[in-house]
>>> print(open('query_12.pdb').read())   # PDB, N, CA and C atoms and all ligand atoms
MODEL        1
ATOM      1  N   MET P   1      -5.582   3.150  -9.962  1.00  0.00           N
ATOM      2  CA  MET P   1      -6.807   2.842 -10.715  1.00  0.00           C
ATOM      3  C   MET P   1      -7.616   1.804  -9.956  1.00  0.00           C
ATOM      4  N   LYS P   2      -8.913   2.047  -9.942  1.00  0.00           N
ATOM      5  CA  LYS P   2      -9.835   1.049  -9.389  1.00  0.00           C
ATOM      6  C   LYS P   2     -10.956   0.876 -10.404  1.00  0.00           C
ATOM      7  N   ILE P   3     -11.401  -0.355 -10.577  1.00  0.00           N
ATOM      8  CA  ILE P   3     -12.468  -0.571 -11.558  1.00  0.00           C
ATOM      9  C   ILE P   3     -13.642  -1.292 -10.915  1.00  0.00           C
ATOM     10  N   THR P   4     -14.801  -0.999 -11.455  1.00  0.00           N
ATOM     11  CA  THR P   4     -16.014  -1.696 -11.038  1.00  0.00           C
ATOM     12  C   THR P   4     -16.740  -2.150 -12.293  1.00  0.00           C
ATOM     13  N   VAL P   5     -17.509  -3.215 -12.156  1.00  0.00           N
ATOM     14  CA  VAL P   5     -18.341  -3.673 -13.263  1.00  0.00           C
ATOM     15  C   VAL P   5     -19.782  -3.795 -12.777  1.00  0.00           C
ATOM     16  N   ASP P   6     -20.696  -3.507 -13.671  1.00  0.00           N
ATOM     17  CA  ASP P   6     -22.119  -3.626 -13.372  1.00  0.00           C
ATOM     18  C   ASP P   6     -22.627  -4.895 -14.067  1.00  0.00           C
ATOM     19  N   GLU P   7     -22.672  -5.976 -13.299  1.00  0.00           N
ATOM     20  CA  GLU P   7     -23.067  -7.266 -13.894  1.00  0.00           C
ATOM     21  C   GLU P   7     -24.473  -7.208 -14.474  1.00  0.00           C
ATOM     22  N   SER P   8     -25.321  -6.330 -13.943  1.00  0.00           N
ATOM     23  CA  SER P   8     -26.703  -6.265 -14.431  1.00  0.00           C
ATOM     24  C   SER P   8     -26.771  -5.661 -15.829  1.00  0.00           C
ATOM     25  N   ARG P   9     -25.723  -4.913 -16.224  1.00  0.00           N
ATOM     26  CA  ARG P   9     -25.702  -4.337 -17.574  1.00  0.00           C
ATOM     27  C   ARG P   9     -25.009  -5.257 -18.569  1.00  0.00           C
ATOM     28  N   CYS P  10     -24.094  -6.092 -18.084  1.00  0.00           N
ATOM     29  CA  CYS P  10     -23.248  -6.905 -18.958  1.00  0.00           C
ATOM     30  C   CYS P  10     -24.106  -7.772 -19.876  1.00  0.00           C
ATOM     31  N   VAL P  11     -23.755  -7.764 -21.170  1.00  0.00           N
ATOM     32  CA  VAL P  11     -24.478  -8.589 -22.140  1.00  0.00           C
ATOM     33  C   VAL P  11     -23.638  -9.785 -22.585  1.00  0.00           C
ATOM     34  N   ALA P  12     -22.585 -10.070 -21.810  1.00  0.00           N
ATOM     35  CA  ALA P  12     -21.775 -11.271 -22.015  1.00  0.00           C
ATOM     36  C   ALA P  12     -21.091 -11.312 -23.370  1.00  0.00           C
ATOM     37  N   ALA P  13     -20.723 -10.133 -23.856  1.00  0.00           N
ATOM     38  CA  ALA P  13     -20.069 -10.067 -25.161  1.00  0.00           C
ATOM     39  C   ALA P  13     -18.637 -10.594 -25.110  1.00  0.00           C
ATOM     40  N   GLY P  14     -18.006 -10.513 -23.948  1.00  0.00           N
ATOM     41  CA  GLY P  14     -16.681 -11.099 -23.789  1.00  0.00           C
ATOM     42  C   GLY P  14     -15.527 -10.261 -24.301  1.00  0.00           C
ATOM     43  N   LEU P  15     -15.809  -9.066 -24.782  1.00  0.00           N
ATOM     44  CA  LEU P  15     -14.725  -8.243 -25.330  1.00  0.00           C
ATOM     45  C   LEU P  15     -13.715  -7.852 -24.265  1.00  0.00           C
ATOM     46  N   CYS P  16     -14.189  -7.639 -23.052  1.00  0.00           N
ATOM     47  CA  CYS P  16     -13.262  -7.248 -21.980  1.00  0.00           C
ATOM     48  C   CYS P  16     -12.267  -8.372 -21.701  1.00  0.00           C
ATOM     49  N   VAL P  17     -12.740  -9.598 -21.716  1.00  0.00           N
ATOM     50  CA  VAL P  17     -11.863 -10.733 -21.407  1.00  0.00           C
ATOM     51  C   VAL P  17     -10.793 -10.875 -22.483  1.00  0.00           C
ATOM     52  N   THR P  18     -11.177 -10.720 -23.728  1.00  0.00           N
ATOM     53  CA  THR P  18     -10.183 -10.851 -24.788  1.00  0.00           C
ATOM     54  C   THR P  18      -9.241  -9.653 -24.804  1.00  0.00           C
ATOM     55  N   THR P  19      -9.660  -8.531 -24.233  1.00  0.00           N
ATOM     56  CA  THR P  19      -8.798  -7.350 -24.179  1.00  0.00           C
ATOM     57  C   THR P  19      -7.798  -7.434 -23.035  1.00  0.00           C
ATOM     58  N   GLU P  20      -8.218  -7.916 -21.874  1.00  0.00           N
ATOM     59  CA  GLU P  20      -7.302  -8.021 -20.729  1.00  0.00           C
ATOM     60  C   GLU P  20      -7.711  -9.191 -19.841  1.00  0.00           C
ATOM     61  N   GLU P  21      -7.127 -10.351 -20.139  1.00  0.00           N
ATOM     62  CA  GLU P  21      -7.560 -11.568 -19.454  1.00  0.00           C
ATOM     63  C   GLU P  21      -7.001 -11.700 -18.046  1.00  0.00           C
ATOM     64  N   THR P  22      -6.077 -10.818 -17.650  1.00  0.00           N
ATOM     65  CA  THR P  22      -5.593 -10.879 -16.264  1.00  0.00           C
ATOM     66  C   THR P  22      -6.533 -10.137 -15.314  1.00  0.00           C
ATOM     67  N   VAL P  23      -7.478  -9.388 -15.852  1.00  0.00           N
ATOM     68  CA  VAL P  23      -8.373  -8.576 -15.017  1.00  0.00           C
ATOM     69  C   VAL P  23      -9.814  -9.055 -15.102  1.00  0.00           C
ATOM     70  N   PHE P  24     -10.257  -9.382 -16.317  1.00  0.00           N
ATOM     71  CA  PHE P  24     -11.654  -9.732 -16.531  1.00  0.00           C
ATOM     72  C   PHE P  24     -11.808 -11.229 -16.747  1.00  0.00           C
ATOM     73  N   ASP P  25     -12.916 -11.752 -16.246  1.00  0.00           N
ATOM     74  CA  ASP P  25     -13.255 -13.160 -16.463  1.00  0.00           C
ATOM     75  C   ASP P  25     -14.751 -13.224 -16.760  1.00  0.00           C
ATOM     76  N   GLN P  26     -15.190 -14.350 -17.273  1.00  0.00           N
ATOM     77  CA  GLN P  26     -16.612 -14.528 -17.547  1.00  0.00           C
ATOM     78  C   GLN P  26     -17.095 -15.784 -16.874  1.00  0.00           C
ATOM     79  N   ASP P  27     -18.320 -15.741 -16.352  1.00  0.00           N
ATOM     80  CA  ASP P  27     -18.931 -16.935 -15.785  1.00  0.00           C
ATOM     81  C   ASP P  27     -19.076 -17.982 -16.893  1.00  0.00           C
ATOM     82  N   GLU P  28     -18.657 -19.197 -16.602  1.00  0.00           N
ATOM     83  CA  GLU P  28     -18.672 -20.234 -17.638  1.00  0.00           C
ATOM     84  C   GLU P  28     -20.070 -20.527 -18.142  1.00  0.00           C
ATOM     85  N   ALA P  29     -21.053 -20.428 -17.277  1.00  0.00           N
ATOM     86  CA  ALA P  29     -22.420 -20.760 -17.673  1.00  0.00           C
ATOM     87  C   ALA P  29     -23.140 -19.587 -18.325  1.00  0.00           C
ATOM     88  N   THR P  30     -23.010 -18.400 -17.719  1.00  0.00           N
ATOM     89  CA  THR P  30     -23.819 -17.269 -18.185  1.00  0.00           C
ATOM     90  C   THR P  30     -23.050 -16.296 -19.071  1.00  0.00           C
ATOM     91  N   GLY P  31     -21.731 -16.330 -18.992  1.00  0.00           N
ATOM     92  CA  GLY P  31     -20.927 -15.374 -19.748  1.00  0.00           C
ATOM     93  C   GLY P  31     -20.833 -14.007 -19.116  1.00  0.00           C
ATOM     94  N   ILE P  32     -21.465 -13.841 -17.966  1.00  0.00           N
ATOM     95  CA  ILE P  32     -21.450 -12.539 -17.299  1.00  0.00           C
ATOM     96  C   ILE P  32     -20.061 -12.269 -16.725  1.00  0.00           C
ATOM     97  N   VAL P  33     -19.671 -11.015 -16.832  1.00  0.00           N
ATOM     98  CA  VAL P  33     -18.323 -10.607 -16.428  1.00  0.00           C
ATOM     99  C   VAL P  33     -18.118 -10.755 -14.918  1.00  0.00           C
ATOM    100  N   SER P  34     -16.884 -11.080 -14.544  1.00  0.00           N
ATOM    101  CA  SER P  34     -16.465 -10.962 -13.153  1.00  0.00           C
ATOM    102  C   SER P  34     -15.042 -10.431 -13.163  1.00  0.00           C
ATOM    103  N   LEU P  35     -14.642  -9.857 -12.064  1.00  0.00           N
ATOM    104  CA  LEU P  35     -13.306  -9.271 -11.968  1.00  0.00           C
ATOM    105  C   LEU P  35     -12.372 -10.225 -11.248  1.00  0.00           C
ATOM    106  N   LEU P  36     -11.184 -10.415 -11.811  1.00  0.00           N
ATOM    107  CA  LEU P  36     -10.132 -11.160 -11.122  1.00  0.00           C
ATOM    108  C   LEU P  36      -9.435 -10.250 -10.133  1.00  0.00           C
ATOM    109  N   THR P  37      -9.422  -8.948 -10.432  1.00  0.00           N
ATOM    110  CA  THR P  37      -8.908  -7.939  -9.511  1.00  0.00           C
ATOM    111  C   THR P  37      -9.607  -6.632  -9.827  1.00  0.00           C
ATOM    112  N   ASP P  38      -9.810  -5.800  -8.818  1.00  0.00           N
ATOM    113  CA  ASP P  38     -10.384  -4.472  -9.095  1.00  0.00           C
ATOM    114  C   ASP P  38      -9.317  -3.383  -9.074  1.00  0.00           C
ATOM    115  N   THR P  39      -8.062  -3.796  -8.863  1.00  0.00           N
ATOM    116  CA  THR P  39      -6.951  -2.838  -8.885  1.00  0.00           C
ATOM    117  C   THR P  39      -5.882  -3.369  -9.841  1.00  0.00           C
ATOM    118  N   PRO P  40      -6.029  -3.089 -11.135  1.00  0.00           N
ATOM    119  CA  PRO P  40      -5.122  -3.646 -12.144  1.00  0.00           C
ATOM    120  C   PRO P  40      -3.675  -3.205 -11.952  1.00  0.00           C
ATOM    121  N   GLU P  41      -2.774  -4.106 -12.284  1.00  0.00           N
ATOM    122  CA  GLU P  41      -1.349  -3.772 -12.285  1.00  0.00           C
ATOM    123  C   GLU P  41      -1.092  -2.698 -13.341  1.00  0.00           C
ATOM    124  N   PRO P  42      -0.042  -1.897 -13.152  1.00  0.00           N
ATOM    125  CA  PRO P  42       0.231  -0.807 -14.096  1.00  0.00           C
ATOM    126  C   PRO P  42       0.264  -1.251 -15.557  1.00  0.00           C
ATOM    127  N   GLN P  43       0.831  -2.417 -15.823  1.00  0.00           N
ATOM    128  CA  GLN P  43       0.957  -2.842 -17.220  1.00  0.00           C
ATOM    129  C   GLN P  43      -0.376  -3.239 -17.846  1.00  0.00           C
ATOM    130  N   ALA P  44      -1.408  -3.428 -17.027  1.00  0.00           N
ATOM    131  CA  ALA P  44      -2.720  -3.821 -17.557  1.00  0.00           C
ATOM    132  C   ALA P  44      -3.666  -2.634 -17.710  1.00  0.00           C
ATOM    133  N   ARG P  45      -3.256  -1.470 -17.224  1.00  0.00           N
ATOM    134  CA  ARG P  45      -4.224  -0.374 -17.114  1.00  0.00           C
ATOM    135  C   ARG P  45      -4.698   0.164 -18.449  1.00  0.00           C
ATOM    136  N   GLU P  46      -3.798   0.272 -19.431  1.00  0.00           N
ATOM    137  CA  GLU P  46      -4.249   0.807 -20.711  1.00  0.00           C
ATOM    138  C   GLU P  46      -5.253  -0.146 -21.362  1.00  0.00           C
ATOM    139  N   ALA P  47      -5.017  -1.447 -21.224  1.00  0.00           N
ATOM    140  CA  ALA P  47      -5.967  -2.416 -21.774  1.00  0.00           C
ATOM    141  C   ALA P  47      -7.311  -2.345 -21.050  1.00  0.00           C
ATOM    142  N   VAL P  48      -7.277  -2.062 -19.761  1.00  0.00           N
ATOM    143  CA  VAL P  48      -8.522  -1.915 -18.997  1.00  0.00           C
ATOM    144  C   VAL P  48      -9.303  -0.703 -19.504  1.00  0.00           C
ATOM    145  N   ARG P  49      -8.587   0.390 -19.746  1.00  0.00           N
ATOM    146  CA  ARG P  49      -9.270   1.581 -20.298  1.00  0.00           C
ATOM    147  C   ARG P  49      -9.897   1.244 -21.648  1.00  0.00           C
ATOM    148  N   GLU P  50      -9.165   0.499 -22.472  1.00  0.00           N
ATOM    149  CA  GLU P  50      -9.684   0.112 -23.780  1.00  0.00           C
ATOM    150  C   GLU P  50     -10.924  -0.771 -23.620  1.00  0.00           C
ATOM    151  N   ALA P  51     -10.875  -1.708 -22.698  1.00  0.00           N
ATOM    152  CA  ALA P  51     -12.029  -2.580 -22.460  1.00  0.00           C
ATOM    153  C   ALA P  51     -13.252  -1.764 -22.069  1.00  0.00           C
ATOM    154  N   ALA P  52     -13.048  -0.761 -21.213  1.00  0.00           N
ATOM    155  CA  ALA P  52     -14.173   0.088 -20.799  1.00  0.00           C
ATOM    156  C   ALA P  52     -14.736   0.848 -21.993  1.00  0.00           C
ATOM    157  N   ARG P  53     -13.845   1.275 -22.899  1.00  0.00           N
ATOM    158  CA  ARG P  53     -14.302   2.023 -24.085  1.00  0.00           C
ATOM    159  C   ARG P  53     -15.111   1.145 -25.021  1.00  0.00           C
ATOM    160  N   ILE P  54     -14.697  -0.108 -25.182  1.00  0.00           N
ATOM    161  CA  ILE P  54     -15.319  -0.936 -26.219  1.00  0.00           C
ATOM    162  C   ILE P  54     -16.458  -1.800 -25.696  1.00  0.00           C
ATOM    163  N   CYS P  55     -16.637  -1.862 -24.378  1.00  0.00           N
ATOM    164  CA  CYS P  55     -17.725  -2.682 -23.849  1.00  0.00           C
ATOM    165  C   CYS P  55     -19.054  -2.184 -24.410  1.00  0.00           C
ATOM    166  N   PRO P  56     -19.796  -3.033 -25.112  1.00  0.00           N
ATOM    167  CA  PRO P  56     -21.036  -2.577 -25.747  1.00  0.00           C
ATOM    168  C   PRO P  56     -22.124  -2.206 -24.754  1.00  0.00           C
ATOM    169  N   ALA P  57     -21.989  -2.656 -23.528  1.00  0.00           N
ATOM    170  CA  ALA P  57     -23.004  -2.372 -22.508  1.00  0.00           C
ATOM    171  C   ALA P  57     -22.581  -1.238 -21.575  1.00  0.00           C
ATOM    172  N   LEU P  58     -21.386  -0.679 -21.786  1.00  0.00           N
ATOM    173  CA  LEU P  58     -20.843   0.344 -20.882  1.00  0.00           C
ATOM    174  C   LEU P  58     -20.933  -0.124 -19.427  1.00  0.00           C
ATOM    175  N   ALA P  59     -20.562  -1.368 -19.221  1.00  0.00           N
ATOM    176  CA  ALA P  59     -20.688  -1.972 -17.897  1.00  0.00           C
ATOM    177  C   ALA P  59     -19.434  -1.826 -17.046  1.00  0.00           C
ATOM    178  N   ILE P  60     -18.365  -1.306 -17.636  1.00  0.00           N
ATOM    179  CA  ILE P  60     -17.087  -1.205 -16.921  1.00  0.00           C
ATOM    180  C   ILE P  60     -16.824   0.257 -16.580  1.00  0.00           C
ATOM    181  N   ALA P  61     -16.622   0.529 -15.299  1.00  0.00           N
ATOM    182  CA  ALA P  61     -16.311   1.890 -14.855  1.00  0.00           C
ATOM    183  C   ALA P  61     -14.873   1.924 -14.360  1.00  0.00           C
ATOM    184  N   VAL P  62     -14.109   2.874 -14.886  1.00  0.00           N
ATOM    185  CA  VAL P  62     -12.708   3.045 -14.503  1.00  0.00           C
ATOM    186  C   VAL P  62     -12.580   4.291 -13.649  1.00  0.00           C
ATOM    187  N   HIS P  63     -12.043   4.122 -12.467  1.00  0.00           N
ATOM    188  CA  HIS P  63     -11.829   5.239 -11.554  1.00  0.00           C
ATOM    189  C   HIS P  63     -10.325   5.464 -11.468  1.00  0.00           C
ATOM    190  N   GLU P  64      -9.871   6.527 -12.110  1.00  0.00           N
ATOM    191  CA  GLU P  64      -8.444   6.808 -12.115  1.00  0.00           C
ATOM    192  C   GLU P  64      -8.006   7.348 -10.761  1.00  0.00           C
ATOM    193  N   ASP P  65      -6.737   7.117 -10.425  1.00  0.00           N
ATOM    194  CA  ASP P  65      -6.198   7.674  -9.193  1.00  0.00           C
ATOM    195  C   ASP P  65      -6.195   9.195  -9.306  1.00  0.00           C
ATOM    196  N   PRO P  66      -6.430   9.893  -8.210  1.00  0.00           N
ATOM    197  CA  PRO P  66      -6.336  11.353  -8.264  1.00  0.00           C
ATOM    198  C   PRO P  66      -4.916  11.780  -8.633  1.00  0.00           C
ATOM    199  N   ALA P  67      -4.809  12.812  -9.429  1.00  0.00           N
ATOM    200  CA  ALA P  67      -3.492  13.266  -9.879  1.00  0.00           C
ATOM    201  C   ALA P  67      -2.720  13.874  -8.724  1.00  0.00           C
TER     202      ALA P  67
HETATM  203  S1  LIG I 101     -17.273  -6.383 -22.661  1.00  0.00           S
HETATM  204 FE1  LIG I 101     -18.923  -5.553 -21.367  1.00  0.00          FE
HETATM  205  S2  LIG I 101     -20.741  -6.718 -21.974  1.00  0.00           S
HETATM  206 FE2  LIG I 101     -18.952  -7.863 -22.707  1.00  0.00          FE
HETATM  207  S3  LIG I 101     -18.500  -9.361 -21.060  1.00  0.00           S
HETATM  208 FE3  LIG I 101     -17.261  -7.508 -20.710  1.00  0.00          FE
HETATM  209  S4  LIG I 101     -18.487  -6.261 -19.292  1.00  0.00           S
HETATM  210 FE4  LIG I 101     -19.854  -7.760 -20.218  1.00  0.00          FE
ENDMDL
END
>>> encode(input="query_12.pdb", output="structure tokens", more="lines below")
Ligand code: SF4
Amino acid sequence: MKITVDESRCVAAGLCVTTEETVFDQDEATGIVSLLTDTPEPQAREAVREAARICPALAIAVHEDPA
């Protein structure tokens, strides 16, 4: 899995950070998302998928590994 975020879409809602804090972070001043890693560990992947689903700005893109 590889993930990307579109900071220009992020509305700083913070839902991704509360969903998976080992992957997502927020700028302290602006609240805009940043990635701690773009290749989540296996145990974090389901939470990353959930974060992408619930992000109100659809700013998180999940690229699954080819089967
Ligand atoms: S959930 Fe979406 S809008 Fe909210 S901080 Fe994360 S990327 Fe930004």
>>> residues_around(input="query_12.pdb", residues="region 2-14 of chain P", least_positions_apart="2", cutoff="6 Å", atoms="only C-alpha atoms", output="CSV table (one decimal) with N, CA and C atoms, in the frame of the given file")
chain,number,residue,atom,x,y,z
P,16,CYS,N,-14.2,-7.6,-23.1
P,16,CYS,CA,-13.3,-7.2,-22.0
P,16,CYS,C,-12.3,-8.4,-21.7
P,17,VAL,N,-12.7,-9.6,-21.7
P,17,VAL,CA,-11.9,-10.7,-21.4
P,17,VAL,C,-10.8,-10.9,-22.5
P,31,GLY,N,-21.7,-16.3,-19.0
P,31,GLY,CA,-20.9,-15.4,-19.7
P,31,GLY,C,-20.8,-14.0,-19.1
P,32,ILE,N,-21.5,-13.8,-18.0
P,32,ILE,CA,-21.4,-12.5,-17.3
P,32,ILE,C,-20.1,-12.3,-16.7
P,38,ASP,N,-9.8,-5.8,-8.8
P,38,ASP,CA,-10.4,-4.5,-9.1
P,38,ASP,C,-9.3,-3.4,-9.1
P,39,THR,N,-8.1,-3.8,-8.9
P,39,THR,CA,-7.0,-2.8,-8.9
P,39,THR,C,-5.9,-3.4,-9.8
P,57,ALA,N,-22.0,-2.7,-23.5
P,57,ALA,CA,-23.0,-2.4,-22.5
P,57,ALA,C,-22.6,-1.2,-21.6
P,59,ALA,N,-20.6,-1.4,-19.2
P,59,ALA,CA,-20.7,-2.0,-17.9
P,59,ALA,C,-19.4,-1.8,-17.0
P,60,ILE,N,-18.4,-1.3,-17.6
P,60,ILE,CA,-17.1,-1.2,-16.9
P,60,ILE,C,-16.8,0.3,-16.6
P,61,ALA,N,-16.6,0.5,-15.3
P,61,ALA,CA,-16.3,1.9,-14.9
P,61,ALA,C,-14.9,1.9,-14.4
P,62,VAL,N,-14.1,2.9,-14.9
P,62,VAL,CA,-12.7,3.0,-14.5
P,62,VAL,C,-12.6,4.3,-13.6
P,63,HIS,N,-12.0,4.1,-12.5
P,63,HIS,CA,-11.8,5.2,-11.6
P,63,HIS,C,-10.3,5.5,-11.5
>>> axis_aligned_box(input="query_12.pdb", around="region 18-34 of chain P", padding_each_side="4 Å", output="JSON")
{"center_x": -14.7, "center_y": -14.1, "center_z": -19.0, "size_x": 26.2, "size_y": 21.4, "size_z": 19.7}
>>> atom_distance(input="query_12.pdb", atom1="atom N of Gln26 (chain P)", atom2="atom FE3 of ligand LIG 101 (chain I)")
7.9 Å
>>> atom_distance(input="query_12.pdb", atom1="CA of Ile54 (chain P)", atom2="atom C of Glu20 (chain P)")
12.9 Å
>>> select_by_dssp(input="query_12.pdb", residues="chain P", states="helix (DSSP H, G or I)", output="PyMOL selection string")
chain P and resi 15-19+42-54
>>> closest_residue(input="query_12.pdb", among="P:Met1, P:Cys55, P:Ala47, P:Val23", to="ligand LIG 101 (chain I)", atoms="all atoms listed in the file")
P:Cys55
>>> atom_distance(input="query_12.pdb", atom1="atom C of Pro40 (chain P)", atom2="atom N of Asp65 (chain P)")
10.9 Å
>>> closest_residue(input="query_12.pdb", among="P:Ala29, P:Ala44, P:Pro56, P:Thr22", to="ligand LIG 101 (chain I)", atoms="all atoms listed in the file")
P:Pro56
>>> closest_residue(input="query_12.pdb", among="P:Leu58, P:Pro66, P:Arg49, P:Phe24", to="Thr37 (chain P)", atoms="only N, CA and C atoms")
P:Phe24
>>> select_by_dssp(input="query_12.pdb", residues="chain P", states="strand (DSSP E)", output="ChimeraX atom specification")
/P:2-5,24-26,33-35,60-63
